[in-house]
>>> print(open('work.cif').read())   # mmCIF, C-alpha atoms
data_structure
loop_
_atom_site.group_PDB
_atom_site.id
_atom_site.type_symbol
_atom_site.label_atom_id
_atom_site.label_comp_id
_atom_site.auth_asym_id
_atom_site.auth_seq_id
_atom_site.Cartn_x
_atom_site.Cartn_y
_atom_site.Cartn_z
ATOM 1 C CA MET P 1053 0.000 0.000 0.000
ATOM 2 C CA SER P 1054 1.438 3.362 -0.956
ATOM 3 C CA VAL P 1055 1.763 6.117 1.618
ATOM 4 C CA LYS P 1056 0.259 9.501 0.905
ATOM 5 C CA ARG P 1057 2.986 12.138 1.087
ATOM 6 C CA TRP P 1058 2.283 15.749 1.930
ATOM 7 C CA ALA P 1059 4.331 18.369 0.134
ATOM 8 C CA LEU P 1060 7.257 19.341 2.335
ATOM 9 C CA ASN P 1061 6.309 22.749 3.747
ATOM 10 C CA SER P 1062 8.781 23.034 6.599
ATOM 11 C CA TYR P 1063 12.359 21.950 7.231
ATOM 12 C CA THR P 1064 14.802 22.534 10.055
ATOM 13 C CA ASN P 1065 18.484 21.740 10.495
ATOM 14 C CA PRO P 1066 21.391 22.914 12.673
ATOM 15 C CA LEU P 1067 23.906 25.359 11.184
ATOM 16 C CA THR P 1068 27.469 26.279 12.020
ATOM 17 C CA GLN P 1069 28.353 29.956 12.318
ATOM 18 C CA GLU P 1070 30.172 29.743 8.986
ATOM 19 C CA GLN P 1071 27.101 28.215 7.325
ATOM 20 C CA THR P 1072 24.908 30.928 8.869
ATOM 21 C CA ASN P 1073 27.065 33.692 7.391
ATOM 22 C CA LYS P 1074 27.225 31.949 4.026
ATOM 23 C CA LEU P 1075 23.433 31.502 3.914
ATOM 24 C CA ARG P 1076 22.817 35.180 4.659
ATOM 25 C CA ILE P 1077 25.073 36.273 1.803
ATOM 26 C CA LEU P 1078 23.394 33.801 -0.555
ATOM 27 C CA LEU P 1079 19.891 35.067 0.360
ATOM 28 C CA GLU P 1080 20.973 38.681 -0.145
ATOM 29 C CA GLU P 1081 22.358 37.813 -3.586
ATOM 30 C CA ARG P 1082 19.081 36.101 -4.530
ATOM 31 C CA GLY P 1083 16.872 39.024 -3.618
ATOM 32 C CA PHE P 1084 15.310 37.862 -0.367
ATOM 33 C CA THR P 1085 13.756 40.590 1.791
ATOM 34 C CA PHE P 1086 15.036 40.729 5.368
ATOM 35 C CA SER P 1087 12.966 41.822 8.379
ATOM 36 C CA PRO P 1088 13.376 41.591 12.169
ATOM 37 C CA LYS P 1089 11.910 38.630 14.030
ATOM 38 C CA PRO P 1090 12.337 37.726 17.736
ATOM 39 C CA TYR P 1091 15.005 35.170 18.650
ATOM 40 C CA THR P 1092 16.448 35.028 15.128
ATOM 41 C CA ILE P 1093 19.858 35.964 13.762
ATOM 42 C CA PHE P 1094 17.991 36.878 10.596
ATOM 43 C CA PHE P 1095 14.648 36.304 8.894
ATOM 44 C CA ALA P 1096 14.155 36.548 5.124
ATOM 45 C CA GLN P 1097 11.323 35.979 2.655
ATOM 46 C CA LYS P 1098 10.815 35.635 -1.080
ATOM 47 C CA ASP P 1099 7.995 34.174 -3.198
ATOM 48 C CA LYS P 1100 6.094 32.752 -0.162
ATOM 49 C CA LEU P 1101 9.230 31.010 1.157
ATOM 50 C CA SER P 1102 10.555 32.128 4.538
ATOM 51 C CA VAL P 1103 14.026 31.406 5.915
ATOM 52 C CA ALA P 1104 14.559 31.939 9.647
ATOM 53 C CA VAL P 1105 17.898 31.303 11.355
ATOM 54 C CA TYR P 1106 17.349 31.104 15.099
ATOM 55 C CA GLU P 1107 19.911 32.137 17.695
ATOM 56 C CA LYS P 1108 19.435 28.937 19.667
ATOM 57 C CA GLY P 1109 21.551 26.376 17.845
ATOM 58 C CA PRO P 1110 21.878 28.206 15.529
ATOM 59 C CA LYS P 1111 19.409 26.401 13.305
ATOM 60 C CA VAL P 1112 17.581 27.181 10.081
ATOM 61 C CA LEU P 1113 13.817 26.831 9.674
ATOM 62 C CA LEU P 1114 12.321 26.914 6.173
ATOM 63 C CA GLN P 1115 8.564 27.312 5.750
ATOM 64 C CA GLY P 1116 6.127 27.959 2.944
ATOM 65 C CA ARG P 1117 6.166 27.167 -0.742
ATOM 66 C CA GLY P 1118 9.160 25.562 -2.441
ATOM 67 C CA VAL P 1119 10.843 24.224 0.709
ATOM 68 C CA GLU P 1120 11.902 20.911 -0.814
ATOM 69 C CA ASP P 1121 13.411 22.497 -3.936
ATOM 70 C CA PHE P 1122 15.288 25.063 -1.839
ATOM 71 C CA VAL P 1123 16.734 22.289 0.352
ATOM 72 C CA LYS P 1124 17.760 20.060 -2.571
ATOM 73 C CA PHE P 1125 19.027 22.683 -4.987
ATOM 74 C CA THR P 1126 20.318 25.461 -2.735
ATOM 75 C CA LEU P 1127 20.795 24.553 0.919
ATOM 76 C CA GLU P 1128 22.380 21.128 0.429
ATOM 77 C CA PRO P 1129 24.756 21.840 -2.481
ATOM 78 C CA GLU P 1130 25.723 25.405 -1.557
ATOM 79 C CA ILE P 1131 25.589 25.495 2.260
ATOM 80 C CA PHE P 1132 25.936 21.905 3.519
ATOM 81 C CA GLY P 1133 28.016 20.564 0.648
ATOM 82 C CA GLU P 1134 26.213 17.214 0.759
ATOM 83 C CA ALA P 1135 22.812 15.669 0.016
ATOM 84 C CA ARG P 1136 20.802 14.976 3.187
ATOM 85 C CA LEU P 1137 17.121 15.005 2.277
ATOM 86 C CA GLY P 1138 16.282 11.466 1.206
ATOM 87 C CA TYR P 1139 19.608 10.151 2.508
ATOM 88 C CA GLU P 1140 18.600 9.830 6.155
ATOM 89 C CA GLU P 1141 19.661 6.171 6.284
ATOM 90 C CA VAL P 1142 23.208 7.262 5.451
ATOM 91 C CA HIS P 1143 23.399 10.159 7.908
ATOM 92 C CA SER P 1144 21.230 8.728 10.736
ATOM 93 C CA PRO P 1145 21.343 4.911 10.469
ATOM 94 C CA GLU P 1146 20.321 4.490 14.125
ATOM 95 C CA MET P 1147 16.928 6.026 13.293
ATOM 96 C CA PHE P 1148 16.150 2.962 11.145
ATOM 97 C CA GLU P 1149 17.103 0.410 13.788
ATOM 98 C CA SER P 1150 14.283 -1.059 15.866
ATOM 99 C CA HIS P 1151 13.499 1.217 18.805
ATOM 100 C CA LEU P 1152 10.747 3.010 20.711
ATOM 101 C CA GLY P 1153 10.191 6.757 20.532
ATOM 102 C CA VAL P 1154 8.417 8.391 23.480
ATOM 103 C CA ASP P 1155 7.126 11.945 23.801
ATOM 104 C CA GLU P 1156 4.541 13.896 25.757
ATOM 105 C CA SER P 1157 2.002 16.666 25.336
ATOM 106 C CA GLY P 1158 0.273 18.940 27.816
ATOM 107 C CA LYS P 1159 2.983 19.387 30.440
ATOM 108 C CA GLY P 1160 3.096 23.169 29.931
ATOM 109 C CA ASP P 1161 -0.662 23.614 29.525
ATOM 110 C CA PHE P 1162 -2.867 24.647 32.460
ATOM 111 C CA PHE P 1163 -5.976 22.912 31.131
ATOM 112 C CA GLY P 1164 -6.041 19.286 30.105
ATOM 113 C CA PRO P 1165 -4.200 16.046 30.766
ATOM 114 C CA LEU P 1166 -0.576 15.066 30.569
ATOM 115 C CA VAL P 1167 -0.347 12.652 27.653
ATOM 116 C CA ILE P 1168 2.595 10.347 27.018
ATOM 117 C CA ALA P 1169 2.737 8.378 23.769
ATOM 118 C CA GLY P 1170 5.117 5.817 22.351
ATOM 119 C CA VAL P 1171 5.709 4.396 18.886
ATOM 120 C CA PHE P 1172 7.833 1.393 17.901
ATOM 121 C CA VAL P 1173 9.629 1.631 14.567
ATOM 122 C CA ASP P 1174 11.738 -0.722 12.500
ATOM 123 C CA GLN P 1175 13.499 -0.063 9.207
ATOM 124 C CA GLN P 1176 10.334 -0.379 7.117
ATOM 125 C CA SER P 1177 8.022 1.771 9.243
ATOM 126 C CA ALA P 1178 10.717 4.417 9.817
ATOM 127 C CA ARG P 1179 11.086 4.807 6.052
ATOM 128 C CA GLN P 1180 7.308 5.010 5.618
ATOM 129 C CA PHE P 1181 7.050 7.698 8.286
ATOM 130 C CA LEU P 1182 9.791 9.712 6.591
ATOM 131 C CA ASP P 1183 8.107 9.390 3.209
ATOM 132 C CA LEU P 1184 4.921 10.644 4.862
ATOM 133 C CA ASP P 1185 6.902 13.652 6.201
ATOM 134 C CA VAL P 1186 6.107 12.857 9.833
ATOM 135 C CA GLN P 1187 7.632 15.615 11.976
ATOM 136 C CA ASP P 1188 7.601 17.012 15.482
ATOM 137 C CA SER P 1189 4.036 18.031 16.385
ATOM 138 C CA LYS P 1190 5.227 21.518 17.429
ATOM 139 C CA ARG P 1191 5.973 22.190 13.759
ATOM 140 C CA ILE P 1192 2.415 21.267 12.698
ATOM 141 C CA GLY P 1193 0.119 24.248 13.121
ATOM 142 C CA SER P 1194 -3.160 22.635 12.033
ATOM 143 C CA ASP P 1195 -5.215 20.282 14.206
ATOM 144 C CA ALA P 1196 -6.596 18.757 11.007
ATOM 145 C CA ARG P 1197 -3.074 17.793 9.946
ATOM 146 C CA ILE P 1198 -2.365 16.361 13.399
ATOM 147 C CA HIS P 1199 -5.428 14.112 13.026
ATOM 148 C CA ALA P 1200 -4.452 13.117 9.481
ATOM 149 C CA PHE P 1201 -0.874 12.277 10.495
ATOM 150 C CA ALA P 1202 -2.066 10.336 13.558
ATOM 151 C CA LYS P 1203 -4.411 8.231 11.436
ATOM 152 C CA GLU P 1204 -1.568 7.292 9.070
ATOM 153 C CA ILE P 1205 0.842 6.586 11.942
ATOM 154 C CA ARG P 1206 -1.630 4.154 13.496
ATOM 155 C CA ARG P 1207 -2.246 2.497 10.131
ATOM 156 C CA ILE P 1208 1.463 1.961 9.510
ATOM 157 C CA ALA P 1209 2.478 1.014 13.057
ATOM 158 C CA ARG P 1210 -0.627 -1.143 13.720
ATOM 159 C CA ASP P 1211 -0.356 -2.405 17.326
ATOM 160 C CA ALA P 1212 3.052 -0.787 17.913
ATOM 161 C CA THR P 1213 1.725 2.437 19.478
ATOM 162 C CA ASP P 1214 0.606 3.289 22.983
ATOM 163 C CA VAL P 1215 -0.933 6.373 24.570
ATOM 164 C CA VAL P 1216 -1.286 7.022 28.297
ATOM 165 C CA ALA P 1217 -3.424 10.054 29.144
ATOM 166 C CA ILE P 1218 -3.193 11.170 32.764
ATOM 167 C CA GLY P 1219 -6.372 13.186 33.293
ATOM 168 C CA PRO P 1220 -6.151 16.304 35.477
ATOM 169 C CA ALA P 1221 -7.776 14.687 38.537
ATOM 170 C CA ARG P 1222 -5.285 11.796 38.489
ATOM 171 C CA TYR P 1223 -2.454 14.136 37.497
ATOM 172 C CA ASN P 1224 -3.081 16.321 40.562
ATOM 173 C CA GLU P 1225 -3.050 13.255 42.834
ATOM 174 C CA LEU P 1226 0.199 11.994 41.323
ATOM 175 C CA TYR P 1227 1.815 15.414 41.466
ATOM 176 C CA LYS P 1228 1.181 15.516 45.220
ATOM 177 C CA LYS P 1229 2.676 12.033 45.530
ATOM 178 C CA PHE P 1230 5.790 12.644 43.420
ATOM 179 C CA GLY P 1231 6.300 16.284 44.340
ATOM 180 C CA ASN P 1232 7.742 17.305 40.963
ATOM 181 C CA LEU P 1233 6.943 17.052 37.286
ATOM 182 C CA ASN P 1234 10.071 15.156 36.237
ATOM 183 C CA SER P 1235 9.291 12.207 38.504
ATOM 184 C CA LEU P 1236 5.716 12.153 37.245
ATOM 185 C CA LEU P 1237 6.963 12.268 33.651
ATOM 186 C CA GLY P 1238 9.354 9.409 34.349
ATOM 187 C CA TRP P 1239 6.493 7.355 35.757
ATOM 188 C CA GLY P 1240 4.368 8.057 32.671
ATOM 189 C CA HIS P 1241 7.201 7.235 30.260
ATOM 190 C CA ALA P 1242 7.793 3.959 32.083
ATOM 191 C CA ARG P 1243 4.111 3.002 31.733
ATOM 192 C CA VAL P 1244 4.180 3.570 27.967
ATOM 193 C CA ILE P 1245 7.472 1.710 27.512
ATOM 194 C CA GLU P 1246 6.182 -1.182 29.616
ATOM 195 C CA ASN P 1247 2.982 -1.408 27.554
ATOM 196 C CA LEU P 1248 4.918 -1.445 24.275
ATOM 197 C CA LEU P 1249 7.439 -3.983 25.537
ATOM 198 C CA ALA P 1250 4.563 -6.373 26.195
ATOM 199 C CA ARG P 1251 3.982 -6.313 22.409
ATOM 200 C CA LYS P 1252 7.592 -5.816 21.273
ATOM 201 C CA PRO P 1253 9.609 -7.695 23.922
ATOM 202 C CA ASP P 1254 12.813 -7.786 21.850
ATOM 203 C CA CYS P 1255 13.005 -4.014 21.364
ATOM 204 C CA PRO P 1256 16.534 -3.039 22.475
ATOM 205 C CA ARG P 1257 16.135 0.672 23.324
ATOM 206 C CA SER P 1258 13.831 3.630 23.819
ATOM 207 C CA LEU P 1259 14.508 7.272 22.998
ATOM 208 C CA SER P 1260 12.978 10.428 24.441
ATOM 209 C CA ASP P 1261 13.798 14.055 25.031
ATOM 210 C CA GLN P 1262 16.164 14.766 27.905
ATOM 211 C CA PHE P 1263 13.927 15.842 30.785
ATOM 212 C CA ALA P 1264 15.186 13.992 33.848
ATOM 213 C CA ASP P 1265 17.490 11.335 35.185
ATOM 214 C CA ALA P 1266 16.907 8.220 33.063
ATOM 215 C CA ARG P 1267 17.150 6.151 36.255
ATOM 216 C CA VAL P 1268 13.628 7.326 37.156
ATOM 217 C CA ILE P 1269 12.316 5.396 34.150
ATOM 218 C CA GLU P 1270 14.703 2.455 34.581
ATOM 219 C CA ASP P 1271 13.767 1.980 38.245
ATOM 220 C CA ALA P 1272 10.053 2.009 37.427
ATOM 221 C CA LEU P 1273 10.573 -0.582 34.696
ATOM 222 C CA LEU P 1274 12.773 -2.875 36.765
ATOM 223 C CA ARG P 1275 10.097 -3.109 39.451
ATOM 224 C CA HIS P 1276 7.943 -4.777 36.795
ATOM 225 C CA GLY P 1277 10.695 -6.969 35.418
ATOM 226 C CA ARG P 1278 11.272 -4.988 32.222
ATOM 227 C CA LYS P 1279 14.697 -4.279 30.767
ATOM 228 C CA ILE P 1280 15.510 -1.913 27.918
ATOM 229 C CA ARG P 1281 18.237 0.629 27.205
ATOM 230 C CA ILE P 1282 16.867 4.078 28.028
ATOM 231 C CA GLU P 1283 18.277 6.895 25.893
ATOM 232 C CA GLN P 1284 17.539 10.587 26.372
ATOM 233 C CA ARG P 1285 18.946 13.448 24.359
ATOM 234 C CA PRO P 1286 18.171 17.089 23.568
ATOM 235 C CA ARG P 1287 16.013 17.592 20.448
ATOM 236 C CA ALA P 1288 15.096 13.916 20.341
ATOM 237 C CA GLU P 1289 12.090 14.889 18.211
ATOM 238 C CA SER P 1290 14.447 14.863 15.205
ATOM 239 C CA ASP P 1291 14.158 11.056 15.492
ATOM 240 C CA ILE P 1292 11.233 9.749 13.438
ATOM 241 C CA ALA P 1293 9.842 7.506 16.214
ATOM 242 C CA VAL P 1294 9.841 10.371 18.739
ATOM 243 C CA ALA P 1295 8.246 12.681 16.163
ATOM 244 C CA ALA P 1296 5.500 10.116 15.535
ATOM 245 C CA ALA P 1297 4.938 9.763 19.286
ATOM 246 C CA SER P 1298 4.673 13.540 19.653
ATOM 247 C CA ILE P 1299 1.839 13.586 17.096
ATOM 248 C CA LEU P 1300 -0.134 10.828 18.853
ATOM 249 C CA ALA P 1301 0.318 12.579 22.196
ATOM 250 C CA ARG P 1302 -0.783 15.924 20.764
ATOM 251 C CA GLU P 1303 -3.860 14.378 19.141
ATOM 252 C CA ALA P 1304 -4.996 12.790 22.414
ATOM 253 C CA PHE P 1305 -4.433 16.095 24.211
ATOM 254 C CA ILE P 1306 -6.448 18.243 21.789
ATOM 255 C CA ASN P 1307 -9.220 15.611 21.670
ATOM 256 C CA TRP P 1308 -9.523 15.801 25.466
ATOM 257 C CA LEU P 1309 -9.680 19.603 25.459
ATOM 258 C CA GLU P 1310 -12.348 19.634 22.769
ATOM 259 C CA ARG P 1311 -14.484 16.960 24.452
ATOM 260 C CA LYS P 1312 -14.314 18.484 27.937
ATOM 261 C CA GLY P 1313 -14.826 22.004 26.599
ATOM 262 C CA LYS P 1314 -18.063 20.929 24.936
ATOM 263 C CA GLU P 1315 -19.260 19.356 28.198
ATOM 264 C CA LEU P 1316 -18.665 22.606 30.074
ATOM 265 C CA GLY P 1317 -19.760 24.897 27.260
ATOM 266 C CA VAL P 1318 -16.461 26.788 27.312
ATOM 267 C CA LYS P 1319 -13.349 26.843 25.141
ATOM 268 C CA LEU P 1320 -10.427 25.236 26.951
ATOM 269 C CA GLY P 1321 -7.356 26.811 25.384
ATOM 270 C CA ARG P 1322 -3.748 25.689 25.402
ATOM 271 C CA GLY P 1323 -0.761 27.010 27.281
ATOM 272 C CA VAL P 1324 -0.820 29.593 30.079
ATOM 273 C CA SER P 1325 -1.923 33.137 29.267
ATOM 274 C CA ALA P 1326 -4.250 35.956 30.288
ATOM 275 C CA GLU P 1327 -6.949 34.341 28.148
ATOM 276 C CA ILE P 1328 -6.489 31.027 29.957
ATOM 277 C CA LYS P 1329 -6.687 32.788 33.311
ATOM 278 C CA SER P 1330 -9.951 34.516 32.303
ATOM 279 C CA ALA P 1331 -11.452 31.177 31.226
ATOM 280 C CA ALA P 1332 -10.384 29.590 34.514
ATOM 281 C CA ALA P 1333 -11.953 32.423 36.523
ATOM 282 C CA ALA P 1334 -15.230 32.026 34.578
ATOM 283 C CA ILE P 1335 -15.252 28.282 35.284
ATOM 284 C CA VAL P 1336 -14.665 28.849 39.007
ATOM 285 C CA GLU P 1337 -17.480 31.392 39.102
ATOM 286 C CA LYS P 1338 -19.914 29.048 37.328
ATOM 287 C CA HIS P 1339 -18.917 25.619 38.639
ATOM 288 C CA GLY P 1340 -16.873 26.291 41.782
ATOM 289 C CA ALA P 1341 -13.175 25.969 42.509
ATOM 290 C CA GLU P 1342 -13.308 22.179 42.773
ATOM 291 C CA MET P 1343 -13.992 21.962 39.039
ATOM 292 C CA LEU P 1344 -10.441 23.149 38.368
ATOM 293 C CA SER P 1345 -9.110 19.973 40.007
ATOM 294 C CA GLN P 1346 -10.996 17.992 37.346
ATOM 295 C CA ILE P 1347 -9.875 19.954 34.278
ATOM 296 C CA ALA P 1348 -6.597 21.704 35.143
ATOM 297 C CA LYS P 1349 -3.168 21.231 36.713
ATOM 298 C CA VAL P 1350 -3.722 23.013 40.006
ATOM 299 C CA HIS P 1351 -0.048 23.334 40.989
ATOM 300 C CA PHE P 1352 0.191 26.008 38.272
ATOM 301 C CA ARG P 1353 0.104 29.535 39.679
ATOM 302 C CA THR P 1354 -3.035 30.229 37.625
ATOM 303 C CA ALA P 1355 -5.124 28.038 39.966
ATOM 304 C CA HIS P 1356 -4.044 30.066 43.006
ATOM 305 C CA GLU P 1357 -4.634 33.338 41.205
ATOM 306 C CA VAL P 1358 -8.262 32.534 40.334
ATOM 307 C CA ALA P 1359 -9.103 30.572 43.523
ATOM 308 C CA PRO P 1360 -6.601 31.590 46.231
ATOM 309 C CA THR P 1361 -8.525 30.025 49.118
ATOM 310 C CA ALA P 1362 -8.792 26.653 47.380
ATOM 311 C CA PHE P 1363 -5.285 26.323 45.970
ATOM 312 C CA PRO P 1364 -2.073 27.428 47.699
ATOM 313 C CA ALA P 1365 0.508 29.532 45.918
ATOM 314 C CA PRO P 1366 3.311 27.433 44.420
ATOM 315 C CA PRO P 1367 6.614 27.665 46.273
ATOM 316 C CA PRO P 1368 9.120 30.195 44.898
ATOM 317 C CA LYS P 1369 11.548 28.844 42.359
ATOM 318 C CA ARG P 1370 14.807 27.733 43.888
ATOM 319 C CA ILE P 1371 17.868 29.777 43.044
ATOM 320 C CA TRP P 1372 20.765 27.478 42.306
ATOM 321 C CA VAL P 1373 24.133 28.537 43.668
ATOM 322 C CA ARG P 1374 27.294 26.975 42.313
#
>>> encode(input="work.cif", output="structure tokens")
Amino acid sequence: MSVKRWALNSYTNPLTQEQTNKLRILLEERGFTFSPKPYTIFFAQKDKLSVAVYEKGPKVLLQGRGVEDFVKFTLEPEIFGEARLGYEEVHSPEMFESHLGVDESGKGDFFGPLVIAGVFVDQQSARQFLDLDVQDSKRIGSDARIHAFAKEIRRIARDATDVVAIGPARYNELYKKFGNLNSLLGWGHARVIENLLARKPDCPRSLSDQFADARVIEDALLRHGRKIRIEQRPRAESDIAVAAASILAREAFINWLERKGKELGVKLGRGVSAEIKSAAAAIVEKHGAEMLSQIAKVHFRTAHEVAPTAFPAPPPKRIWVR
């Protein structure tokens, strides 16, 4: 069965300082228009193609029309000096070895659950995901595309996916028990890995973003007799299995927000903002403070701000001294 492939409309890759300087000169020569943009070294546009080079990294982000052609015919030959797009098995062979990718959604959002998802890939499914242009969910702006990607990921992976959604009520209980988010995350990651290992017992390793001491996950697994090599690294979402997991986690998160919002007759937004605080205050006024425990993460300062008698202020952030 052939895999539907979306046109590549975004691309990101690390740059050296030399490559950054070279790319700027090239864009100037080709008539790109430069304009200021927060957190970038420079931002340029031409013919509905935007090129942003971010300070953190640095890294380049291409978006818009003609991304794939720009990568193949400009970025790779003139900046990188090598072909990368379509040659992932040469440059990242470990991505095509059997492994689990694990990622989460909702940890920075006041409303909604914490969702952890995992996806097992082998050489065949990794290639199919790449051909589909599966990418980190944070780079996908449309909920419709999240749903479409998730449907294809489940079709390709079959039984090799798992999603654990920790609803706000349970999340708040566990947060009190663990006392910090990293321990709770480790517990959730371990549950997903354990569930997938029951179906893929020979899987040698799992990969996730670097959020905590990997021993938190390993200890939780060992208590249930599971053994697997736990790998964590910054920007793990560049791995195709982690990217696929991020999409499944994001889909479960937005589905929960939409379903619960309809029940309450209010839009439950994402993140933490003045708009989120106003929605929380309206919910407290209509349903009482206890409702927040059922739909939100009440250790966030927002809960105290809208219902100070029901939820204590979070402790001040610790200042680390070397």
>>> resolve_selection(input="work.cif", expression="the PyMOL selection byres ((chain P and resi 1248) around 12)", output="VMD selection string")
chain P and resid 1151 to 1154 1169 to 1173 1209 to 1216 1241 to 1247 1249 to 1258 1273 1278 1280
>>> resolve_selection(input="work.cif", expression="the PyMOL selection byres ((chain P and resi 1068) around 10)", output="PyMOL selection string")
chain P and resi 1066-1067+1069-1074+1109-1111+1131-1132
>>> closest_residue(input="work.cif", among="P:Pro1088, P:Gly1240, P:Pro1286, P:Pro1368", to="Phe1352 (chain P)", atoms="all atoms listed in the file")
P:Pro1368
>>> resolve_selection(input="work.cif", expression="the PyMOL selection byres ((chain P and resi 1293) around 12)", output="PDB file with C-alpha atoms, keeping the file's coordinate frame")
ATOM      1  CA  GLU P1146      20.321   4.490  14.125  1.00  0.00           C
ATOM      2  CA  MET P1147      16.928   6.026  13.293  1.00  0.00           C
ATOM      3  CA  PHE P1148      16.150   2.962  11.145  1.00  0.00           C
ATOM      4  CA  GLU P1149      17.103   0.410  13.788  1.00  0.00           C
ATOM      5  CA  SER P1150      14.283  -1.059  15.866  1.00  0.00           C
ATOM      6  CA  HIS P1151      13.499   1.217  18.805  1.00  0.00           C
ATOM      7  CA  LEU P1152      10.747   3.010  20.711  1.00  0.00           C
ATOM      8  CA  GLY P1153      10.191   6.757  20.532  1.00  0.00           C
ATOM      9  CA  VAL P1154       8.417   8.391  23.480  1.00  0.00           C
ATOM     10  CA  ASP P1155       7.126  11.945  23.801  1.00  0.00           C
ATOM     11  CA  ALA P1169       2.737   8.378  23.769  1.00  0.00           C
ATOM     12  CA  GLY P1170       5.117   5.817  22.351  1.00  0.00           C
ATOM     13  CA  VAL P1171       5.709   4.396  18.886  1.00  0.00           C
ATOM     14  CA  PHE P1172       7.833   1.393  17.901  1.00  0.00           C
ATOM     15  CA  VAL P1173       9.629   1.631  14.567  1.00  0.00           C
ATOM     16  CA  ASP P1174      11.738  -0.722  12.500  1.00  0.00           C
ATOM     17  CA  GLN P1175      13.499  -0.063   9.207  1.00  0.00           C
ATOM     18  CA  SER P1177       8.022   1.771   9.243  1.00  0.00           C
ATOM     19  CA  ALA P1178      10.717   4.417   9.817  1.00  0.00           C
ATOM     20  CA  ARG P1179      11.086   4.807   6.052  1.00  0.00           C
ATOM     21  CA  GLN P1180       7.308   5.010   5.618  1.00  0.00           C
ATOM     22  CA  PHE P1181       7.050   7.698   8.286  1.00  0.00           C
ATOM     23  CA  LEU P1182       9.791   9.712   6.591  1.00  0.00           C
ATOM     24  CA  VAL P1186       6.107  12.857   9.833  1.00  0.00           C
ATOM     25  CA  GLN P1187       7.632  15.615  11.976  1.00  0.00           C
ATOM     26  CA  ASP P1188       7.601  17.012  15.482  1.00  0.00           C
ATOM     27  CA  ILE P1205       0.842   6.586  11.942  1.00  0.00           C
ATOM     28  CA  ALA P1209       2.478   1.014  13.057  1.00  0.00           C
ATOM     29  CA  ALA P1212       3.052  -0.787  17.913  1.00  0.00           C
ATOM     30  CA  THR P1213       1.725   2.437  19.478  1.00  0.00           C
ATOM     31  CA  ARG P1257      16.135   0.672  23.324  1.00  0.00           C
ATOM     32  CA  SER P1258      13.831   3.630  23.819  1.00  0.00           C
ATOM     33  CA  LEU P1259      14.508   7.272  22.998  1.00  0.00           C
ATOM     34  CA  SER P1260      12.978  10.428  24.441  1.00  0.00           C
ATOM     35  CA  ASP P1261      13.798  14.055  25.031  1.00  0.00           C
ATOM     36  CA  ALA P1288      15.096  13.916  20.341  1.00  0.00           C
ATOM     37  CA  GLU P1289      12.090  14.889  18.211  1.00  0.00           C
ATOM     38  CA  SER P1290      14.447  14.863  15.205  1.00  0.00           C
ATOM     39  CA  ASP P1291      14.158  11.056  15.492  1.00  0.00           C
ATOM     40  CA  ILE P1292      11.233   9.749  13.438  1.00  0.00           C
ATOM     41  CA  VAL P1294       9.841  10.371  18.739  1.00  0.00           C
ATOM     42  CA  ALA P1295       8.246  12.681  16.163  1.00  0.00           C
ATOM     43  CA  ALA P1296       5.500  10.116  15.535  1.00  0.00           C
ATOM     44  CA  ALA P1297       4.938   9.763  19.286  1.00  0.00           C
ATOM     45  CA  SER P1298       4.673  13.540  19.653  1.00  0.00           C
ATOM     46  CA  ILE P1299       1.839  13.586  17.096  1.00  0.00           C
ATOM     47  CA  LEU P1300      -0.134  10.828  18.853  1.00  0.00           C
TER      48      LEU P1300
END
>>> residues_around(input="work.cif", residues="Gly1164 (chain P)", least_positions_apart="5", cutoff="10 Å", atoms="all atoms listed in the file", output="list in words")
Ser1157, Gly1158, Lys1159, Ala1217, Ile1218, Gly1219, Pro1220, Ala1221, Tyr1223, Phe1305, Ile1306, Asn1307, Trp1308, Leu1309, Glu1310, Lys1312, Gly1313, Leu1320, Gly1321, Arg1322, Gly1323, Gln1346, Ile1347, Ala1348 and Lys1349 of chain P
>>> atom_distance(input="work.cif", atom1="CA of Arg1082 (chain P)", atom2="CA of Ala1096 (chain P)")
10.8 Å
>>> atom_distance(input="work.cif", atom1="CA of Ile1208 (chain P)", atom2="CA of Leu1113 (chain P)")
27.8 Å
>>> residues_around(input="work.cif", residues="Ala1365 (chain P)", least_positions_apart="2", cutoff="10 Å", atoms="all atoms listed in the file", output="PDB file with C-alpha atoms, in the coordinates of the input")
ATOM      1  CA  VAL P1350      -3.722  23.013  40.006  1.00  0.00           C
ATOM      2  CA  HIS P1351      -0.048  23.334  40.989  1.00  0.00           C
ATOM      3  CA  PHE P1352       0.191  26.008  38.272  1.00  0.00           C
ATOM      4  CA  ARG P1353       0.104  29.535  39.679  1.00  0.00           C
ATOM      5  CA  THR P1354      -3.035  30.229  37.625  1.00  0.00           C
ATOM      6  CA  ALA P1355      -5.124  28.038  39.966  1.00  0.00           C
ATOM      7  CA  HIS P1356      -4.044  30.066  43.006  1.00  0.00           C
ATOM      8  CA  GLU P1357      -4.634  33.338  41.205  1.00  0.00           C
ATOM      9  CA  ALA P1359      -9.103  30.572  43.523  1.00  0.00           C
ATOM     10  CA  PRO P1360      -6.601  31.590  46.231  1.00  0.00           C
ATOM     11  CA  THR P1361      -8.525  30.025  49.118  1.00  0.00           C
ATOM     12  CA  ALA P1362      -8.792  26.653  47.380  1.00  0.00           C
ATOM     13  CA  PHE P1363      -5.285  26.323  45.970  1.00  0.00           C
ATOM     14  CA  PRO P1367       6.614  27.665  46.273  1.00  0.00           C
ATOM     15  CA  PRO P1368       9.120  30.195  44.898  1.00  0.00           C
TER      16      PRO P1368
END
>>> closest_residue(input="work.cif", among="P:Ala1332, P:Met1343, P:Leu1114, P:Ala1301", to="Arg1191 (chain P)", atoms="only C-alpha atoms")
P:Leu1114
>>> closest_residue(input="work.cif", among="P:Val1336, P:Leu1233, P:Val1103, P:Val1167", to="Ala1304 (chain P)", atoms="all atoms listed in the file")
P:Val1167
